[in-house]
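Q: Handing you this structure, nothing more for now.
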Amino acid sequence: MKGIVGTLMDIPVGEVWPKERIHTLKEEIEAAGLTLKVIESVNVHDAIKIGLPSREKYIENYKQTIQNLAEFGIEVICYNFMPVFDWVKSDLNYRLPDGSSTLAYIAADIPADPNEIIRKVKSASNDFELPGWEPERLAQVKTLLAAYKDIDEAKLRENFAYFLKAIIPTCEEVGIKMAVHPDDPPYSIFGLPRIVKNREDLDWVCRVVDSPANGITLCTGSIAEDPTNDVYAILAEFCQRDRIPFAHVRNIKFIQNKDFYEAPHKSEYGSLDMYRLLKTMYDNGFDGYIRPDHGRMIWGETGRPGYGLHDRALGAVYLNGLWEALEKGHERGTKVKNTFTLRSKHR
Ligand SMILES: [Mn+2]
């Protein structure tokens with residue numbers, strides 16, 4: 001590992017990230033011999049997504065945060081544009097046959113009542129706060145859902161465009177790349193609109209403000225969660241277009257239809273070909289930052305669901321191994337036939 005993807009989870013959504021806090025975070029990371037180049041996430045306030053008059057204030061705050069982060073050498077900011085709920089899973093402790101537990105999305109287990117999913121996620125969180133599931137924000141979920149009542153995909157897109165047009169010039173000025181994370185899962189839930197879910201959506205994002213500062217966090221797991229998405233083709237295209245400054249590389253395993261769980265990184269345990277994913281990035285000139293994505297709970301670890309330390313470390317090592325093999329680039333040779341017979345007395 002060369003760097004940390006850092007965040008300040010305790011700063012309320014919409015507030016400016018103070019320079020002192022960014023400075024302390026950077027120093028802590030650098031003291032460990034690592035770098036801080038990527039932030040995940042600077043969350044976008046609901047007022048911006050809904051298009052309320054107060055969005056002006058929150059956009060100004062966001063621009064200030066971008067400037068503050070740039071001052072400390074940050075190059076990429078990951079964020080998402082999902083209404084109300086950040087990622088959603090039906091099960092945070094889905095047991096795999098080897099005894100490990102992971103996150104799963106089983107459509108039949110997603111309750112119809114959004115309050116129920118909040119309760120479910122909270123009770124399964126091992127008392128950790130989960131990114132995007134801020135309790136103080138979700139305490140008002142009824143009000144929040146009501147505020148989105150008139151927001152359909154077209155309206156949400158309009159508000160997204162408004163946000164990007166406002167902030168991208170600042171990013172260009174200070175040398176930061178914005179990288180939107182795809183919706184997880186990449187289809188509508190609870191009747192809420194989803195607008196970053198497939199190739200067409202990503203294309204729209206890149207075109208609406210056509211700037212290298214306006215890019216994507218290509219999360220292989222999130223994109224592949226919709227089996228109609230061709231994750232390899234999407235990766236190839238947006239690498240070519242130089243719009244992937246940051247990638248989450250993880251594996252998922254389909255159970256049936258769209259139901260899946262988050263699998264160990266290695267190809268054989270999931271539905272994705274991890275070598276092919278990295279080769280696609282390698283062959284199309286990817287030069288951004290990569291991190292393994294979620295990790296299971298293994299070896300008795302109890303922690304923040306989805307963020308198992310050991311399993312993410314295994315993922316990182318595995319991805320490094322695949323990347324090294326790609327970089328050394330030798331075609332695999334055929335075995336040289338032995339021209340002699342082993343006559344060893346040891347056999
Ligand atoms: Mn991801």
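Chain lettering (A, B, ...) mirrors the order of the structure tokens, residue numbering begins at 1 for each chain separately, and ligand numbering begins at 1 in order of display.
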Hey, what's within 10 Å of Asp46 of chain A if we count only C-alpha atoms and toss same-chain stuff fewer than 6 positions away? As a list in words, please?
A: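 These residues fall inside the cut-off: Val13, Gly14, Leu52, Ser54, Arg55, Tyr58, Phe81, Met82, Pro83, Val84, Arg137, Leu144, Ala147 and Tyr148 of chain A.
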Q: Could you dump the residues just selected with N, CA and C atoms as a PDB file, in the first residue's frame?
A:
ATOM      1  N   VAL A  13     -22.679  16.625   6.749  1.00  0.00           N
ATOM      2  CA  VAL A  13     -22.839  16.839   5.312  1.00  0.00           C
ATOM      3  C   VAL A  13     -23.202  18.297   5.056  1.00  0.00           C
ATOM      4  N   GLY A  14     -22.469  18.925   4.164  1.00  0.00           N
ATOM      5  CA  GLY A  14     -22.788  20.307   3.798  1.00  0.00           C
ATOM      6  C   GLY A  14     -21.860  21.332   4.422  1.00  0.00           C
ATOM      7  N   LEU A  52     -33.098  22.853  -3.733  1.00  0.00           N
ATOM      8  CA  LEU A  52     -33.689  23.891  -2.871  1.00  0.00           C
ATOM      9  C   LEU A  52     -32.877  25.187  -2.984  1.00  0.00           C
ATOM     10  N   SER A  54     -31.533  26.824  -0.759  1.00  0.00           N
ATOM     11  CA  SER A  54     -30.356  26.761   0.120  1.00  0.00           C
ATOM     12  C   SER A  54     -29.173  26.045  -0.525  1.00  0.00           C
ATOM     13  N   ARG A  55     -29.393  25.467  -1.710  1.00  0.00           N
ATOM     14  CA  ARG A  55     -28.262  24.775  -2.356  1.00  0.00           C
ATOM     15  C   ARG A  55     -27.107  25.719  -2.631  1.00  0.00           C
ATOM     16  N   TYR A  58     -24.732  25.605   0.144  1.00  0.00           N
ATOM     17  CA  TYR A  58     -24.025  24.317   0.215  1.00  0.00           C
ATOM     18  C   TYR A  58     -23.033  24.138  -0.930  1.00  0.00           C
ATOM     19  N   PHE A  81     -24.203  10.738  -5.985  1.00  0.00           N
ATOM     20  CA  PHE A  81     -25.380  11.605  -6.154  1.00  0.00           C
ATOM     21  C   PHE A  81     -26.649  10.777  -6.000  1.00  0.00           C
ATOM     22  N   MET A  82     -26.682   9.965  -4.916  1.00  0.00           N
ATOM     23  CA  MET A  82     -27.842   9.109  -4.663  1.00  0.00           C
ATOM     24  C   MET A  82     -28.787   9.814  -3.691  1.00  0.00           C
ATOM     25  N   PRO A  83     -30.078   9.851  -4.014  1.00  0.00           N
ATOM     26  CA  PRO A  83     -31.014  10.488  -3.088  1.00  0.00           C
ATOM     27  C   PRO A  83     -31.285   9.648  -1.841  1.00  0.00           C
ATOM     28  N   VAL A  84     -31.335  10.286  -0.703  1.00  0.00           N
ATOM     29  CA  VAL A  84     -31.648   9.720   0.612  1.00  0.00           C
ATOM     30  C   VAL A  84     -30.682   8.635   1.061  1.00  0.00           C
ATOM     31  N   ARG A 137     -29.195  12.385  10.050  1.00  0.00           N
ATOM     32  CA  ARG A 137     -29.851  12.707   8.775  1.00  0.00           C
ATOM     33  C   ARG A 137     -31.047  11.766   8.549  1.00  0.00           C
ATOM     34  N   LEU A 144     -37.434  13.625   4.680  1.00  0.00           N
ATOM     35  CA  LEU A 144     -36.472  13.558   3.585  1.00  0.00           C
ATOM     36  C   LEU A 144     -37.124  12.944   2.340  1.00  0.00           C
ATOM     37  N   ALA A 147     -39.480  15.303   0.778  1.00  0.00           N
ATOM     38  CA  ALA A 147     -38.794  16.373   0.038  1.00  0.00           C
ATOM     39  C   ALA A 147     -38.416  15.927  -1.377  1.00  0.00           C
ATOM     40  N   TYR A 148     -38.264  14.621  -1.558  1.00  0.00           N
ATOM     41  CA  TYR A 148     -37.894  14.093  -2.878  1.00  0.00           C
ATOM     42  C   TYR A 148     -39.115  13.714  -3.714  1.00  0.00           C
TER      43      TYR A 148
END
Q: Please write out the residues within 8 Å of ligand 1 as a PDB file with C-alpha atoms, in the first residue's frame, counting only C-alpha atoms and all ligand atoms.
A:
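File produced: pocket_5.pdb:
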ATOM      1  CA  HIS A 181     -19.346   6.747  -7.497  1.00  0.00           C
ATOM      2  CA  PRO A 182     -22.045   4.752  -9.298  1.00  0.00           C
ATOM      3  CA  ASP A 184     -25.238   0.963  -5.377  1.00  0.00           C
ATOM      4  CA  THR A 217     -15.033   6.378  -9.508  1.00  0.00           C
ATOM      5  CA  LEU A 218     -15.352   3.174 -11.438  1.00  0.00           C
ATOM      6  CA  CYS A 219     -16.618   0.692  -8.857  1.00  0.00           C
ATOM      7  CA  THR A 220     -16.557  -2.680 -10.566  1.00  0.00           C
ATOM      8  CA  GLY A 221     -18.871  -4.236  -8.002  1.00  0.00           C
ATOM      9  CA  SER A 222     -21.546  -1.536  -8.175  1.00  0.00           C
ATOM     10  CA  ALA A 247     -11.313   2.775  -9.182  1.00  0.00           C
ATOM     11  CA  HIS A 248     -12.807   0.436  -6.626  1.00  0.00           C
ATOM     12  CA  VAL A 249     -11.965  -3.071  -7.702  1.00  0.00           C
ATOM     13  CA  ARG A 250     -14.051  -5.734  -6.028  1.00  0.00           C
ATOM     14  CA  ASP A 293     -13.368  -2.357  -2.142  1.00  0.00           C
ATOM     15  CA  HIS A 294     -15.298  -3.923   0.658  1.00  0.00           C
TER      16      HIS A 294
END
Q: Just give me the gap between atom CA of Asp183 of chain A and atom CA of Val88 of chain A in Å, one decimal is fine.
A: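 Separation between atom CA of Asp183 of chain A and atom CA of Val88 of chain A: 9.4 Å.
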Q: Mind checking which residues fall within 9 Å of Asp287 of chain A, counting only C-alpha atoms, ignoring those fewer than 3 positions away in the same chain, and posting them as a PyMOL selection string?
A: chain A and resi 239+242+244-246+281-282
Q: Taking into account only C-alpha atoms, which residue in the set A:Arg194, A:Arg119, A:Arg21, A:Arg291 is nearest to Ala139 of chain A?
A: A:Arg119
Q: Would you mind listing what lies within 12 Å of Glu324 of chain A as a ChimeraX atom specification, with only C-alpha atoms counted and same-chain residues fewer than 5 positions away left out?
A: /A:275,278-279,282,317-319,329-330
Q: Any chance you could export the current selection's C-alpha atoms as a PDB file, in the first residue's frame?
A:
ATOM      1  CA  TYR A 275      -7.658 -10.465 -14.137  1.00  0.00           C
ATOM      2  CA  LEU A 278      -7.333  -5.179 -14.392  1.00  0.00           C
ATOM      3  CA  LYS A 279      -6.094  -6.151 -17.846  1.00  0.00           C
ATOM      4  CA  TYR A 282      -3.964  -1.806 -18.008  1.00  0.00           C
ATOM      5  CA  VAL A 317      -2.202  -7.832  -2.130  1.00  0.00           C
ATOM      6  CA  TYR A 318      -4.118  -9.811  -4.726  1.00  0.00           C
ATOM      7  CA  LEU A 319      -4.704  -6.731  -6.903  1.00  0.00           C
ATOM      8  CA  GLY A 329       3.834  -8.374 -19.469  1.00  0.00           C
ATOM      9  CA  HIS A 330       5.283 -11.700 -20.491  1.00  0.00           C
TER      10      HIS A 330
END
Q: Please, which residues in segment 71-173 of chain A fall within 8 Å of segment 298-304 of chain A when counting only C-alpha atoms, and what is the closest atom pair and distance in Å to one decimal for each, ordered by chain then residue number, as a tab-separated table?
A:
residue	atom	partner	partner_atom	distance
A:Gly99	CA	A:Ile298	CA	7.7
A:Ser100	CA	A:Ile298	CA	5.0
A:Ser101	CA	A:Ile298	CA	7.1
A:Ser125	CA	A:Arg304	CA	6.5
A:Asn126	CA	A:Arg304	CA	6.5
A:Asp127	CA	A:Arg304	CA	7.9
A:Phe128	CA	A:Arg304	CA	5.6
A:Glu129	CA	A:Arg304	CA	7.7
A:Leu130	CA	A:Arg304	CA	7.3
Q: Generate the output file for the selected residues, C-alpha atoms, as a short mmCIF file (atom, residue, chain, number, x, y, z; two decimals), in the first residue's frame.
A:
data_model
loop_
_atom_site.label_atom_id
_atom_site.label_comp_id
_atom_site.auth_asym_id
_atom_site.auth_seq_id
_atom_site.Cartn_x
_atom_site.Cartn_y
_atom_site.Cartn_z
CA GLY A 99 -17.63 -19.02 8.17
CA SER A 100 -16.89 -15.50 6.98
CA SER A 101 -19.64 -12.91 6.74
CA SER A 125 -23.80 -2.37 12.15
CA ASN A 126 -21.88 -3.67 15.20
CA ASP A 127 -22.32 -0.15 16.60
CA PHE A 128 -20.19 1.42 13.91
CA GLU A 129 -21.42 4.38 11.96
CA LEU A 130 -21.69 3.40 8.31
#
Q: So the first atom is atom CA of Lys142 of chain A and the second is atom CA of Asp91 of chain A; what is the distance between them in Å, to one decimal place?
A: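 Answer for the atom CA of Lys142 of chain A to atom CA of Asp91 of chain A separation: 22.4 Å.
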Q: Near Asp259 of chain A, counting only C-alpha atoms, which residues have an atom at most 8 Å away, once you skip same-chain residues fewer than 5 positions from it, shown as a PDB file with C-alpha atoms, in the first residue's frame?
A:
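Okay, this is what ended up in out00.pdb:
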ATOM      1  CA  ALA A 104     -25.600  -9.195   0.482  1.00  0.00           C
ATOM      2  CA  TYR A 105     -28.429  -7.757  -1.547  1.00  0.00           C
ATOM      3  CA  ILE A 106     -31.431 -10.030  -1.759  1.00  0.00           C
ATOM      4  CA  ALA A 107     -34.335  -8.153  -3.318  1.00  0.00           C
ATOM      5  CA  PHE A 254     -24.633 -13.611  -8.061  1.00  0.00           C
TER       6      PHE A 254
END
Q: Once DSSP has gone over the backbone, tell me which residues of segment 142-325 of chain A are in strand (DSSP E or B), as an NGL selection string.
A: :A and (177-180 or 214-219 or 246-249 or 251-256 or 259-263 or 289-292 or 295 or 297 or 307)
Q: Between atom CA of Phe160 of chain A and atom CA of Pro185 of chain A, what distance in Å does the model show, to one decimal?
A: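 Between atom CA of Phe160 of chain A and atom CA of Pro185 of chain A the gap works out to 18.8 Å.
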Q: Hey, what's within 8 Å of Leu272 of chain A if we count only C-alpha atoms and toss same-chain stuff fewer than 4 positions away? As a ChimeraX atom specification, please?
A: /A:251-253,267,277
Q: Give me the residues near segment 61-64 of chain A as an MDAnalysis selection string, where near means some atom within 7 Å (using only C-alpha atoms) and where sequence neighbours in that chain fewer than 5 positions away do not count.
A: chainID A and resid 14:16 167 170
Q: Take the selection from the previous step and output its residues with C-alpha atoms, as an mmCIF file, in the first residue's frame.
A:
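Writing done, so here's selection.cif:
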data_model
loop_
_atom_site.group_PDB
_atom_site.id
_atom_site.type_symbol
_atom_site.label_atom_id
_atom_site.label_comp_id
_atom_site.auth_asym_id
_atom_site.auth_seq_id
_atom_site.Cartn_x
_atom_site.Cartn_y
_atom_site.Cartn_z
ATOM 1 C CA GLY A 14 -22.788 20.307 3.798
ATOM 2 C CA GLU A 15 -20.243 21.888 6.131
ATOM 3 C CA VAL A 16 -16.820 23.117 5.034
ATOM 4 C CA ILE A 167 -17.992 23.241 -8.931
ATOM 5 C CA THR A 170 -13.061 25.431 -9.112
#
Q: Counting only C-alpha atoms, which residue out of A:Gly191, A:Gly215, A:Pro18, A:Gly33 sits closest to Asn80 of chain A?
A: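 Of A:Gly191, A:Gly215, A:Pro18, A:Gly33, the one nearest Asn80 of chain A is A:Gly215, counting only C-alpha atoms.
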Q: Measuring atom to atom with only C-alpha atoms, identify which of A:Glu60, A:Glu40, A:Glu134, A:Asp273 is nearest to Ile74 of chain A.
A: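 When distances to Ile74 of chain A are compared using only C-alpha atoms, the smallest one comes from A:Glu40.
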Q: What are the DSSP alpha helix (DSSP H) residues of segment 40-279 of chain A, as number ranges by chain?
A: A: 46-50, 55-71, 114-123, 135-138, 141-147, 153-174, 199-208, 220-224, 231-240, 274-279
Q: Output the selection as an mmCIF file, in the first residue's frame - C-alpha atoms for each residue.
A:
data_model
loop_
_atom_site.group_PDB
_atom_site.id
_atom_site.type_symbol
_atom_site.label_atom_id
_atom_site.label_comp_id
_atom_site.auth_asym_id
_atom_site.auth_seq_id
_atom_site.Cartn_x
_atom_site.Cartn_y
_atom_site.Cartn_z
ATOM 1 C CA ASP A 46 -29.731 16.836 0.003
ATOM 2 C CA ALA A 47 -30.587 20.497 -0.709
ATOM 3 C CA ILE A 48 -28.308 20.295 -3.761
ATOM 4 C CA LYS A 49 -29.880 17.045 -4.952
ATOM 5 C CA ILE A 50 -33.409 18.363 -4.412
ATOM 6 C CA ARG A 55 -28.262 24.775 -2.356
ATOM 7 C CA GLU A 56 -26.334 27.981 -3.162
ATOM 8 C CA LYS A 57 -24.885 28.029 0.335
ATOM 9 C CA TYR A 58 -24.025 24.317 0.215
ATOM 10 C CA ILE A 59 -22.419 24.639 -3.207
ATOM 11 C CA GLU A 60 -20.263 27.499 -1.916
ATOM 12 C CA ASN A 61 -19.294 25.308 1.054
ATOM 13 C CA TYR A 62 -18.462 22.439 -1.285
ATOM 14 C CA LYS A 63 -16.239 24.687 -3.394
ATOM 15 C CA GLN A 64 -14.471 25.866 -0.247
ATOM 16 C CA THR A 65 -13.910 22.244 0.779
ATOM 17 C CA ILE A 66 -12.438 21.511 -2.667
ATOM 18 C CA GLN A 67 -10.051 24.450 -2.268
ATOM 19 C CA ASN A 68 -9.080 23.410 1.239
ATOM 20 C CA LEU A 69 -8.380 19.835 0.141
ATOM 21 C CA ALA A 70 -6.332 21.010 -2.833
ATOM 22 C CA GLU A 71 -4.131 23.014 -0.496
ATOM 23 C CA PRO A 114 -37.655 2.540 4.325
ATOM 24 C CA ASN A 115 -37.765 2.954 8.118
ATOM 25 C CA GLU A 116 -37.404 -0.786 8.363
ATOM 26 C CA ILE A 117 -34.197 -0.858 6.300
ATOM 27 C CA ILE A 118 -32.746 1.917 8.480
ATOM 28 C CA ARG A 119 -33.556 -0.080 11.588
ATOM 29 C CA LYS A 120 -32.155 -3.244 10.006
ATOM 30 C CA VAL A 121 -28.889 -1.640 8.917
ATOM 31 C CA LYS A 122 -28.428 0.044 12.297
ATOM 32 C CA SER A 123 -29.004 -3.145 14.264
ATOM 33 C CA PRO A 135 -28.184 8.674 12.017
ATOM 34 C CA GLU A 136 -28.983 12.378 12.480
ATOM 35 C CA ARG A 137 -29.851 12.707 8.775
ATOM 36 C CA LEU A 138 -31.870 9.504 8.570
ATOM 37 C CA VAL A 141 -36.268 10.008 6.735
ATOM 38 C CA LYS A 142 -39.999 10.670 6.373
ATOM 39 C CA THR A 143 -39.404 14.384 5.833
ATOM 40 C CA LEU A 144 -36.472 13.558 3.585
ATOM 41 C CA LEU A 145 -38.497 11.182 1.416
ATOM 42 C CA ALA A 146 -41.294 13.757 1.219
ATOM 43 C CA ALA A 147 -38.794 16.373 0.038
ATOM 44 C CA GLU A 153 -34.778 11.217 -12.876
ATOM 45 C CA ALA A 154 -34.998 14.264 -15.143
ATOM 46 C CA LYS A 155 -35.171 16.678 -12.225
ATOM 47 C CA LEU A 156 -32.364 14.949 -10.350
ATOM 48 C CA ARG A 157 -30.233 15.099 -13.487
ATOM 49 C CA GLU A 158 -30.943 18.803 -13.822
ATOM 50 C CA ASN A 159 -29.820 19.363 -10.228
ATOM 51 C CA PHE A 160 -26.730 17.226 -10.761
ATOM 52 C CA ALA A 161 -25.807 19.264 -13.851
ATOM 53 C CA TYR A 162 -26.310 22.477 -11.876
ATOM 54 C CA PHE A 163 -23.948 21.222 -9.170
ATOM 55 C CA LEU A 164 -21.257 20.108 -11.632
ATOM 56 C CA LYS A 165 -21.384 23.346 -13.617
ATOM 57 C CA ALA A 166 -20.881 25.234 -10.368
ATOM 58 C CA ILE A 167 -17.992 23.241 -8.931
ATOM 59 C CA ILE A 168 -15.943 21.935 -11.884
ATOM 60 C CA PRO A 169 -14.365 25.333 -12.705
ATOM 61 C CA THR A 170 -13.061 25.431 -9.112
ATOM 62 C CA CYS A 171 -11.664 21.908 -9.542
ATOM 63 C CA GLU A 172 -9.921 22.902 -12.771
ATOM 64 C CA GLU A 173 -8.421 25.904 -11.051
ATOM 65 C CA VAL A 174 -6.964 23.977 -8.119
ATOM 66 C CA ARG A 199 -22.960 3.284 -19.488
ATOM 67 C CA GLU A 200 -25.451 5.904 -20.746
ATOM 68 C CA ASP A 201 -25.577 7.625 -17.357
ATOM 69 C CA LEU A 202 -21.794 7.738 -17.076
ATOM 70 C CA ASP A 203 -21.606 9.120 -20.589
ATOM 71 C CA TRP A 204 -24.121 11.798 -19.617
ATOM 72 C CA VAL A 205 -22.064 12.762 -16.552
ATOM 73 C CA CYS A 206 -18.899 13.117 -18.639
ATOM 74 C CA ARG A 207 -20.615 15.187 -21.299
ATOM 75 C CA VAL A 208 -22.678 17.508 -19.145
ATOM 76 C CA THR A 220 -16.557 -2.680 -10.566
ATOM 77 C CA GLY A 221 -18.871 -4.236 -8.002
ATOM 78 C CA SER A 222 -21.546 -1.536 -8.175
ATOM 79 C CA ILE A 223 -21.583 -1.434 -11.971
ATOM 80 C CA ALA A 224 -21.668 -5.225 -12.269
ATOM 81 C CA VAL A 231 -18.439 -3.813 -16.787
ATOM 82 C CA TYR A 232 -15.414 -4.673 -18.974
ATOM 83 C CA ALA A 233 -16.657 -2.574 -21.918
ATOM 84 C CA ILE A 234 -17.548 0.320 -19.594
ATOM 85 C CA LEU A 235 -14.099 0.208 -17.997
ATOM 86 C CA ALA A 236 -12.390 0.138 -21.396
ATOM 87 C CA GLU A 237 -14.397 3.044 -22.757
ATOM 88 C CA PHE A 238 -13.995 5.407 -19.823
ATOM 89 C CA CYS A 239 -10.312 4.574 -19.356
ATOM 90 C CA GLN A 240 -9.843 5.503 -23.011
ATOM 91 C CA MET A 274 -10.590 -9.866 -11.812
ATOM 92 C CA TYR A 275 -7.658 -10.465 -14.137
ATOM 93 C CA ARG A 276 -9.778 -9.353 -17.066
ATOM 94 C CA LEU A 277 -10.885 -6.234 -15.159
ATOM 95 C CA LEU A 278 -7.333 -5.179 -14.392
ATOM 96 C CA LYS A 279 -6.094 -6.151 -17.846
#
Q: For Ala179 of chain A, which residue among A:Tyr261, A:Tyr79, A:Trp323, A:Tyr307 is the nearest when counting only C-alpha atoms?
A: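 Looking only at the distances to Ala179 of chain A, the closest residue turns out to be A:Tyr79.
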